[in-house]
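Structure below is my_file.tsv: TSV, C-alpha atoms.
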```tsv
chain	number	residue	atom	x	y	z
W	1	MET	CA	-28.47	-17.17	-29.67
W	2	LYS	CA	-28.55	-20.99	-29.47
W	3	LEU	CA	-25.36	-20.98	-27.42
W	4	ARG	CA	-26.94	-18.56	-24.92
W	5	LEU	CA	-30.01	-20.76	-24.63
W	6	ASN	CA	-27.82	-23.80	-23.98
W	7	TYR	CA	-26.04	-21.96	-21.16
W	8	LEU	CA	-29.38	-20.97	-19.64
W	9	THR	CA	-30.67	-24.55	-19.88
W	10	MET	CA	-27.54	-25.93	-18.14
W	11	ALA	CA	-27.78	-23.34	-15.38
W	12	ALA	CA	-31.40	-24.28	-14.73
W	13	LEU	CA	-30.52	-27.99	-14.52
W	14	LEU	CA	-27.68	-27.34	-12.08
W	15	GLY	CA	-30.09	-25.34	-9.88
W	16	LEU	CA	-32.54	-28.23	-9.80
W	17	VAL	CA	-29.80	-30.68	-8.84
W	18	ALA	CA	-28.67	-28.42	-6.01
W	19	CYS	CA	-32.24	-28.18	-4.67
W	20	ASP	CA	-32.69	-31.96	-4.69
W	21	LYS	CA	-29.47	-32.61	-2.67
W	22	PRO	CA	-30.45	-33.95	0.82
W	23	ASP	CA	-29.61	-31.88	3.91
W	24	PRO	CA	-26.81	-33.31	6.09
W	25	ALA	CA	-28.00	-35.32	9.11
W	26	PRO	CA	-27.91	-33.31	12.34
W	27	THR	CA	-25.04	-34.15	14.65
W	28	SER	CA	-26.21	-35.30	18.10
W	29	VAL	CA	-24.37	-33.80	21.09
W	30	ALA	CA	-24.00	-36.03	24.13
W	31	PRO	CA	-25.10	-34.33	27.34
W	32	ALA	CA	-22.24	-33.32	29.60
W	33	GLU	CA	-21.56	-35.96	32.26
W	34	THR	CA	-22.06	-34.73	35.80
W	35	GLU	CA	-18.77	-34.85	37.63
W	36	ARG	CA	-18.91	-37.15	40.66
W	37	PRO	CA	-16.79	-36.43	43.73
W	38	SER	CA	-14.05	-38.93	44.43
W	39	ALA	CA	-14.21	-41.20	47.49
W	40	ALA	CA	-11.62	-39.03	49.20
W	41	GLU	CA	-13.82	-35.95	48.77
W	42	THR	CA	-16.93	-37.52	50.32
W	43	THR	CA	-17.80	-37.78	53.99
W	44	PRO	CA	-19.29	-40.89	55.71
W	45	GLN	CA	-22.64	-39.10	55.88
W	46	ASP	CA	-22.47	-38.33	52.10
W	47	ARG	CA	-21.92	-42.00	51.39
W	48	ALA	CA	-24.78	-42.95	53.73
W	49	ASP	CA	-27.07	-40.52	51.89
W	50	THR	CA	-26.03	-42.00	48.53
W	51	ARG	CA	-26.79	-45.52	49.75
W	52	ALA	CA	-30.15	-44.33	51.02
W	53	GLU	CA	-31.00	-42.83	47.59
W	54	MET	CA	-30.13	-46.12	45.87
W	55	THR	CA	-32.11	-48.29	48.32
W	56	HIS	CA	-34.90	-45.78	49.04
W	57	GLU	CA	-34.08	-45.87	52.75
W	58	ALA	CA	-33.82	-42.95	55.12
W	59	PRO	CA	-30.16	-41.95	55.60
W	60	ARG	CA	-28.64	-43.13	58.88
W	61	SER	CA	-27.14	-40.50	61.13
W	62	ASP	CA	-23.84	-40.81	62.97
W	63	GLU	CA	-25.82	-41.44	66.16
W	64	ASP	CA	-27.58	-44.41	64.51
W	65	GLU	CA	-24.22	-45.84	63.45
W	66	ARG	CA	-22.90	-45.62	67.02
W	67	ALA	CA	-26.01	-47.14	68.65
W	68	GLY	CA	-25.30	-50.33	70.58
W	69	GLU	CA	-21.49	-49.92	70.49
W	70	ARG	CA	-20.80	-49.31	74.21
W	71	GLU	CA	-19.61	-52.38	76.11
W	72	ALA	CA	-18.39	-53.18	79.59
W	73	GLU	CA	-17.05	-56.10	81.59
W	74	ALA	CA	-16.78	-57.18	85.19
W	75	GLU	CA	-14.69	-59.81	86.97
W	76	PHE	CA	-15.86	-61.29	90.26
W	77	GLU	CA	-13.83	-61.11	93.46
W	78	SER	CA	-14.75	-63.43	96.32
W	79	VAL	CA	-14.94	-62.89	100.05
W	80	PRO	CA	-11.83	-64.37	101.77
W	81	ASN	CA	-13.42	-67.63	102.98
W	82	MET	CA	-14.80	-68.61	99.53
W	83	LYS	CA	-13.33	-69.25	96.08
W	84	ILE	CA	-16.01	-67.73	93.89
W	85	ALA	CA	-14.91	-66.64	90.42
W	86	GLY	CA	-16.62	-65.49	87.26
W	87	GLU	CA	-17.21	-62.66	84.90
W	88	ALA	CA	-19.93	-60.58	83.32
W	89	GLU	CA	-20.24	-58.96	79.91
W	90	LEU	CA	-22.49	-55.97	79.34
W	91	HIS	CA	-23.44	-54.21	76.13
W	92	GLU	CA	-26.01	-51.66	75.05
W	93	THR	CA	-28.72	-52.91	72.71
W	94	LYS	CA	-29.82	-50.99	69.61
W	95	SER	CA	-33.39	-50.97	70.92
W	96	GLY	CA	-32.25	-49.42	74.19
W	97	GLY	CA	-31.13	-50.81	77.53
W	98	VAL	CA	-28.24	-53.01	78.62
W	99	GLU	CA	-27.92	-56.77	78.14
W	100	ILE	CA	-25.97	-58.53	80.90
W	101	GLU	CA	-24.49	-62.04	80.71
W	102	VAL	CA	-23.10	-63.45	83.94
W	103	GLU	CA	-21.10	-66.66	84.46
W	104	ILE	CA	-20.09	-67.75	87.96
W	105	SER	CA	-18.14	-70.72	89.32
W	106	GLY	CA	-17.20	-71.96	92.79
W	107	ALA	CA	-20.39	-70.62	94.40
W	108	PRO	CA	-22.69	-72.37	96.93
W	109	VAL	CA	-25.55	-74.36	95.36
W	110	GLY	CA	-29.01	-72.81	94.98
W	111	LYS	CA	-30.65	-69.53	93.96
W	112	LYS	CA	-28.62	-66.45	94.83
W	113	GLY	CA	-29.62	-62.80	94.71
W	114	LEU	CA	-27.76	-60.74	92.13
W	115	HIS	CA	-27.79	-56.95	92.14
W	116	ILE	CA	-25.92	-53.95	90.82
W	117	HIS	CA	-24.64	-51.79	93.68
W	118	GLN	CA	-23.85	-48.09	93.88
W	119	THR	CA	-20.04	-48.09	93.47
W	120	ASP	CA	-17.30	-50.33	92.08
W	121	ASP	CA	-15.38	-50.45	95.40
W	122	CYS	CA	-15.04	-54.17	96.14
W	123	SER	CA	-12.21	-53.74	98.69
W	124	ALA	CA	-14.37	-54.85	101.63
W	125	ILE	CA	-17.22	-56.96	100.27
W	126	ALA	CA	-18.51	-58.26	103.62
W	127	GLN	CA	-18.62	-54.68	104.94
W	128	LYS	CA	-20.52	-53.53	101.80
W	129	SER	CA	-17.87	-51.12	100.53
W	130	MET	CA	-19.81	-51.04	97.23
W	131	GLY	CA	-22.81	-49.38	98.87
W	132	GLY	CA	-26.45	-50.35	98.51
W	133	HIS	CA	-28.50	-51.29	95.46
W	134	PHE	CA	-28.14	-48.93	92.51
W	135	ALA	CA	-31.40	-46.95	92.44
W	136	PRO	CA	-31.08	-43.54	90.69
W	137	LYS	CA	-34.78	-42.99	91.33
W	138	ASP	CA	-36.60	-43.40	94.63
W	139	GLU	CA	-38.04	-46.85	93.87
W	140	GLU	CA	-38.83	-49.70	96.21
W	141	HIS	CA	-36.87	-52.95	95.85
W	142	GLY	CA	-38.42	-55.73	93.80
W	143	LEU	CA	-37.72	-58.52	91.35
W	144	PRO	CA	-37.08	-57.42	87.73
W	145	THR	CA	-40.60	-58.50	86.74
W	146	ALA	CA	-42.26	-56.35	89.42
W	147	ASN	CA	-43.93	-53.06	88.55
W	148	GLU	CA	-41.53	-51.27	90.88
W	149	HIS	CA	-37.90	-52.21	91.47
W	150	HIS	CA	-34.42	-50.75	91.66
W	151	LEU	CA	-32.60	-50.26	88.36
W	152	GLY	CA	-29.92	-52.53	89.79
W	153	ASP	CA	-32.26	-55.40	90.73
W	154	LEU	CA	-31.23	-58.38	88.56
W	155	GLY	CA	-33.22	-61.05	90.41
W	156	ASN	CA	-31.63	-64.46	91.05
W	157	ILE	CA	-28.98	-66.64	89.48
W	158	THR	CA	-29.25	-70.42	89.95
W	159	ILE	CA	-26.05	-72.19	90.98
W	160	ALA	CA	-25.91	-75.87	89.99
W	161	GLU	CA	-24.35	-78.77	91.93
W	162	ASP	CA	-20.98	-78.09	90.27
W	163	GLY	CA	-20.96	-74.56	91.65
W	164	GLU	CA	-21.58	-72.93	88.29
W	165	GLY	CA	-24.39	-70.63	87.23
W	166	LYS	CA	-25.38	-68.42	84.30
W	167	LEU	CA	-27.76	-65.53	83.92
W	168	LYS	CA	-28.72	-63.43	80.92
W	169	ILE	CA	-30.95	-60.41	81.44
W	170	THR	CA	-31.71	-57.08	79.74
W	171	ILE	CA	-32.36	-53.93	81.78
W	172	PRO	CA	-34.35	-51.63	79.44
W	173	SER	CA	-33.81	-48.29	81.23
W	174	ALA	CA	-30.06	-48.61	81.83
W	175	ASN	CA	-27.09	-47.58	79.67
W	176	LEU	CA	-23.27	-47.59	79.63
W	177	ASN	CA	-22.72	-43.87	79.16
W	178	PRO	CA	-20.47	-42.79	82.06
W	179	ALA	CA	-22.01	-39.30	82.06
W	180	ASP	CA	-25.59	-40.57	82.38
W	181	PRO	CA	-27.23	-41.01	85.82
W	182	LYS	CA	-28.61	-44.41	84.74
W	183	SER	CA	-25.23	-45.76	83.65
W	184	PHE	CA	-23.88	-49.04	85.02
W	185	ILE	CA	-20.27	-47.92	84.48
W	186	GLY	CA	-18.51	-47.43	87.83
W	187	LYS	CA	-20.97	-49.71	89.64
W	188	ALA	CA	-20.57	-53.34	90.76
W	189	ILE	CA	-22.45	-56.62	90.29
W	190	VAL	CA	-22.85	-58.30	93.67
W	191	LEU	CA	-23.69	-61.94	94.44
W	192	HIS	CA	-25.50	-62.64	97.73
W	193	GLU	CA	-25.56	-65.73	99.95
W	194	ALA	CA	-29.34	-66.34	99.63
W	195	ASP	CA	-32.09	-65.85	97.08
W	196	ASP	CA	-33.78	-62.52	96.42
W	197	LYS	CA	-37.37	-62.88	97.59
W	198	GLY	CA	-38.45	-59.51	96.22
W	199	THR	CA	-39.26	-58.22	99.67
W	200	GLY	CA	-37.85	-55.61	102.03
W	201	LYS	CA	-35.29	-52.99	101.08
W	202	SER	CA	-32.87	-55.45	99.47
W	203	GLY	CA	-34.75	-58.70	98.87
W	204	ASN	CA	-33.65	-60.31	102.14
W	205	SER	CA	-30.93	-62.11	100.18
W	206	GLY	CA	-28.34	-62.13	102.96
W	207	LYS	CA	-24.72	-61.06	102.98
W	208	PRO	CA	-22.72	-60.28	99.83
W	209	ILE	CA	-20.22	-63.03	98.93
W	210	ALA	CA	-18.75	-61.83	95.64
W	211	CYS	CA	-18.36	-58.50	93.88
W	212	ALA	CA	-17.50	-57.53	90.28
W	213	PRO	CA	-16.56	-53.92	89.41
W	214	ILE	CA	-18.10	-52.81	86.09
W	215	LYS	CA	-15.61	-51.15	83.76
W	216	ALA	CA	-15.98	-49.91	80.21
W	217	SER	CA	-14.28	-52.10	77.60
```
The structure given in the file should be rewritten as structure tokens.
Amino acid sequence: MKLRLNYLTMAALLGLVACDKPDPAPTSVAPAETERPSAAETTPQDRADTRAEMTHEAPRSDEDERAGEREAEAEFESVPNMKIAGEAELHETKSGGVEIEVEISGAPVGKKGLHIHQTDDCSAIAQKSMGGHFAPKDEEHGLPTANEHHLGDLGNITIAEDGEGKLKITIPSANLNPADPKSFIGKAIVLHEADDKGTGKSGNSGKPIACAPIKAS
């Protein structure tokens, strides 16, 4: 009888010990990492969108990336009895329009009218093979600051005593897209013998003395 009681007492103690044993700590499971596409699997627009998310900026489209990339150049040819030389660089601006930088040497001193003409045919400058002023709309001639003027009216360039002159001007409505009616590609920059007074059909700036065909670069 005593032996049975001892067994019962030991069993009870073992049960108490088992109840007091602490539960094992729960095992934490790391969340699955989202698989990121490799650089080879992403497109330029995907990468632009990712940059935009990181910087809180609106994603730039392909058209935004290309804005302001078109460029053109022109090299001046002189009438036979003069030795005028020079060049012009044109590029579209991101805000719209075309910026033109002109450098001329060997020209007569003073202010000279400078215009963009209808074609890039400079084979007979004195006979105006390049046509008239470039005016895709039916505007009257005027200086660039006038309310109404041709798209090709660049105003005047001042030639110093050493025969050199520079002009930098932006034409807001123009572009360098060959398929656009307001494009300067395929036209010509023409230097005249006198200053553009902003009057008449062409500024009364006299005969053309140099011509530079505008070509995409």
Counting only C-alpha atoms, the residue of W:Glu103, W:Glu193, W:Glu77, W:Glu139 that sits nearest Ser123 of chain W: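 Smallest distance to Ser123 of chain W is found for W:Glu77.
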Residue with smallest distance to Glu75 of chain W - pool W:Leu154, W:Ala146, W:Ile189, W:Ala216, counting only C-alpha atoms: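 So, comparing all the options, the nearest one is W:Ile189.
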Contacts of Pro144 of chain W within 12 Å, all atoms listed in the file, excl. fewer than 6 positions in-chain, as a ChimeraX atom specification: /W:113-115,150-156,169-173,196-198,203
Computed interatomic separation between atom CA of Ala74 of chain W and atom CA of Glu148 of chain W (Å): 26.1 Å
Would you write out, as a tab-separated table, a table of all residues in segment 149-195 of chain W that have an atom no more than 12 Å from an atom of segment 87-92 of chain W, listing for each the closest atom pair and the distance in Å to one decimal, considering all atoms listed in the file and ordering rows by chain and rising residue number?
```
residue	atom	partner	partner_atom	distance
W:Glu164	CA	W:Glu87	CA	11.7
W:Gly165	CA	W:Glu87	CA	11.0
W:Lys166	CA	W:Ala88	CA	9.6
W:Leu167	CA	W:Ala88	CA	9.3
W:Lys168	CA	W:Ala88	CA	9.5
W:Ile169	CA	W:Leu90	CA	9.8
W:Thr170	CA	W:Glu92	CA	9.2
W:Ile171	CA	W:Glu92	CA	9.5
W:Pro172	CA	W:Glu92	CA	9.4
W:Ser173	CA	W:Glu92	CA	10.5
W:Ala174	CA	W:Glu92	CA	8.5
W:Asn175	CA	W:Glu92	CA	6.3
W:Leu176	CA	W:Glu92	CA	6.7
W:Asn177	CA	W:Glu92	CA	9.4
W:Ser183	CA	W:Glu92	CA	10.5
W:Phe184	CA	W:Leu90	CA	9.1
W:Ile185	CA	W:Leu90	CA	9.8
W:Ala188	CA	W:Ala88	CA	10.4
W:Ile189	CA	W:Ala88	CA	8.4
W:Val190	CA	W:Ala88	CA	11.0
W:Leu191	CA	W:Glu87	CA	11.6
```
Write out, as a PDB file, in the coordinates of the input, the residues just selected, with C-alpha atoms.
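And here's again-v3.pdb as it stands now:
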```pdb
ATOM      1  CA  GLU W 164     -21.580 -72.930  88.290  1.00  0.00           C
ATOM      2  CA  GLY W 165     -24.390 -70.630  87.230  1.00  0.00           C
ATOM      3  CA  LYS W 166     -25.380 -68.420  84.300  1.00  0.00           C
ATOM      4  CA  LEU W 167     -27.760 -65.530  83.920  1.00  0.00           C
ATOM      5  CA  LYS W 168     -28.720 -63.430  80.920  1.00  0.00           C
ATOM      6  CA  ILE W 169     -30.950 -60.410  81.440  1.00  0.00           C
ATOM      7  CA  THR W 170     -31.710 -57.080  79.740  1.00  0.00           C
ATOM      8  CA  ILE W 171     -32.360 -53.930  81.780  1.00  0.00           C
ATOM      9  CA  PRO W 172     -34.350 -51.630  79.440  1.00  0.00           C
ATOM     10  CA  SER W 173     -33.810 -48.290  81.230  1.00  0.00           C
ATOM     11  CA  ALA W 174     -30.060 -48.610  81.830  1.00  0.00           C
ATOM     12  CA  ASN W 175     -27.090 -47.580  79.670  1.00  0.00           C
ATOM     13  CA  LEU W 176     -23.270 -47.590  79.630  1.00  0.00           C
ATOM     14  CA  ASN W 177     -22.720 -43.870  79.160  1.00  0.00           C
ATOM     15  CA  SER W 183     -25.230 -45.760  83.650  1.00  0.00           C
ATOM     16  CA  PHE W 184     -23.880 -49.040  85.020  1.00  0.00           C
ATOM     17  CA  ILE W 185     -20.270 -47.920  84.480  1.00  0.00           C
ATOM     18  CA  ALA W 188     -20.570 -53.340  90.760  1.00  0.00           C
ATOM     19  CA  ILE W 189     -22.450 -56.620  90.290  1.00  0.00           C
ATOM     20  CA  VAL W 190     -22.850 -58.300  93.670  1.00  0.00           C
ATOM     21  CA  LEU W 191     -23.690 -61.940  94.440  1.00  0.00           C
TER      22      LEU W 191
END
```
For Pro108 of chain W, the nearest of the candidates W:Met82, W:Ala72, W:Ala179, W:Ile214, counting only C-alpha atoms: W:Met82
Gap from atom CA of Ala85 of chain W to atom CA of Gly163 of chain W - Å, one decimal: 10.0 Å
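Straight-line separation from atom CA of Ile100 of chain W to atom CA of Asn81 of chain W: 27.0 Å.
Using all atoms listed in the file, the shortest contact distance between Pro80 of chain W and any of W:Glu99, W:Cys211, W:Lys182, W:Ala135 is found at W:Cys211.
Nearest to Ala194 of chain W of all the residues W:Ile116, W:Ala160, W:Ala126, W:Ile209 is W:Ile209, counting all atoms listed in the file.
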Output segment 122-144 of chain W as a PDB file, keeping the file's coordinate frame, making sure N, CA and C atoms are there.
```
ATOM      1  N   CYS W 122     -14.870 -52.805  95.612  1.00  0.00           N
ATOM      2  CA  CYS W 122     -15.040 -54.170  96.140  1.00  0.00           C
ATOM      3  C   CYS W 122     -13.933 -54.520  97.138  1.00  0.00           C
ATOM      4  N   SER W 123     -13.345 -53.519  97.773  1.00  0.00           N
ATOM      5  CA  SER W 123     -12.210 -53.740  98.690  1.00  0.00           C
ATOM      6  C   SER W 123     -12.629 -54.413  99.983  1.00  0.00           C
ATOM      7  N   ALA W 124     -13.880 -54.242 100.392  1.00  0.00           N
ATOM      8  CA  ALA W 124     -14.370 -54.850 101.630  1.00  0.00           C
ATOM      9  C   ALA W 124     -15.794 -55.334 101.386  1.00  0.00           C
ATOM     10  N   ILE W 125     -15.904 -56.469 100.726  1.00  0.00           N
ATOM     11  CA  ILE W 125     -17.220 -56.960 100.270  1.00  0.00           C
ATOM     12  C   ILE W 125     -18.150 -57.218 101.454  1.00  0.00           C
ATOM     13  N   ALA W 126     -17.664 -57.918 102.472  1.00  0.00           N
ATOM     14  CA  ALA W 126     -18.510 -58.260 103.620  1.00  0.00           C
ATOM     15  C   ALA W 126     -19.009 -57.008 104.351  1.00  0.00           C
ATOM     16  N   GLN W 127     -18.233 -55.943 104.283  1.00  0.00           N
ATOM     17  CA  GLN W 127     -18.620 -54.680 104.940  1.00  0.00           C
ATOM     18  C   GLN W 127     -19.393 -53.757 103.982  1.00  0.00           C
ATOM     19  N   LYS W 128     -19.710 -54.250 102.803  1.00  0.00           N
ATOM     20  CA  LYS W 128     -20.520 -53.530 101.800  1.00  0.00           C
ATOM     21  C   LYS W 128     -19.867 -52.213 101.358  1.00  0.00           C
ATOM     22  N   SER W 129     -18.582 -52.315 101.020  1.00  0.00           N
ATOM     23  CA  SER W 129     -17.870 -51.120 100.530  1.00  0.00           C
ATOM     24  C   SER W 129     -18.441 -50.621  99.200  1.00  0.00           C
ATOM     25  N   MET W 130     -19.220 -51.436  98.517  1.00  0.00           N
ATOM     26  CA  MET W 130     -19.810 -51.040  97.230  1.00  0.00           C
ATOM     27  C   MET W 130     -21.150 -50.327  97.389  1.00  0.00           C
ATOM     28  N   GLY W 131     -21.563 -50.092  98.625  1.00  0.00           N
ATOM     29  CA  GLY W 131     -22.810 -49.380  98.870  1.00  0.00           C
ATOM     30  C   GLY W 131     -24.040 -50.261  98.685  1.00  0.00           C
ATOM     31  N   GLY W 132     -25.194 -49.616  98.666  1.00  0.00           N
ATOM     32  CA  GLY W 132     -26.450 -50.350  98.510  1.00  0.00           C
ATOM     33  C   GLY W 132     -26.808 -50.575  97.050  1.00  0.00           C
ATOM     34  N   HIS W 133     -28.035 -51.038  96.827  1.00  0.00           N
ATOM     35  CA  HIS W 133     -28.500 -51.290  95.460  1.00  0.00           C
ATOM     36  C   HIS W 133     -28.507 -49.991  94.650  1.00  0.00           C
ATOM     37  N   PHE W 134     -28.143 -50.100  93.394  1.00  0.00           N
ATOM     38  CA  PHE W 134     -28.140 -48.930  92.510  1.00  0.00           C
ATOM     39  C   PHE W 134     -29.585 -48.576  92.171  1.00  0.00           C
ATOM     40  N   ALA W 135     -30.021 -47.399  92.635  1.00  0.00           N
ATOM     41  CA  ALA W 135     -31.400 -46.950  92.440  1.00  0.00           C
ATOM     42  C   ALA W 135     -31.399 -45.440  92.213  1.00  0.00           C
ATOM     43  N   PRO W 136     -31.131 -44.985  90.967  1.00  0.00           N
ATOM     44  CA  PRO W 136     -31.080 -43.540  90.690  1.00  0.00           C
ATOM     45  C   PRO W 136     -32.398 -42.819  90.949  1.00  0.00           C
ATOM     46  N   LYS W 137     -33.488 -43.570  90.955  1.00  0.00           N
ATOM     47  CA  LYS W 137     -34.780 -42.990  91.330  1.00  0.00           C
ATOM     48  C   LYS W 137     -35.200 -43.581  92.670  1.00  0.00           C
ATOM     49  N   ASP W 138     -36.169 -42.979  93.296  1.00  0.00           N
ATOM     50  CA  ASP W 138     -36.600 -43.400  94.630  1.00  0.00           C
ATOM     51  C   ASP W 138     -37.618 -44.527  94.524  1.00  0.00           C
ATOM     52  N   GLU W 139     -37.128 -45.716  94.000  1.00  0.00           N
ATOM     53  CA  GLU W 139     -38.040 -46.850  93.870  1.00  0.00           C
ATOM     54  C   GLU W 139     -37.907 -47.783  95.063  1.00  0.00           C
ATOM     55  N   GLU W 140     -38.910 -48.624  95.221  1.00  0.00           N
ATOM     56  CA  GLU W 140     -38.830 -49.700  96.210  1.00  0.00           C
ATOM     57  C   GLU W 140     -38.116 -50.887  95.564  1.00  0.00           C
ATOM     58  N   HIS W 141     -37.507 -51.752  96.377  1.00  0.00           N
ATOM     59  CA  HIS W 141     -36.870 -52.950  95.850  1.00  0.00           C
ATOM     60  C   HIS W 141     -37.927 -53.920  95.306  1.00  0.00           C
ATOM     61  N   GLY W 142     -37.526 -54.709  94.341  1.00  0.00           N
ATOM     62  CA  GLY W 142     -38.420 -55.730  93.800  1.00  0.00           C
ATOM     63  C   GLY W 142     -37.684 -56.596  92.797  1.00  0.00           C
ATOM     64  N   LEU W 143     -38.298 -57.689  92.399  1.00  0.00           N
ATOM     65  CA  LEU W 143     -37.720 -58.520  91.350  1.00  0.00           C
ATOM     66  C   LEU W 143     -37.845 -57.786  90.010  1.00  0.00           C
ATOM     67  N   PRO W 144     -37.043 -58.138  89.012  1.00  0.00           N
ATOM     68  CA  PRO W 144     -37.080 -57.420  87.730  1.00  0.00           C
ATOM     69  C   PRO W 144     -38.439 -57.414  87.050  1.00  0.00           C
TER      70      PRO W 144
END
```
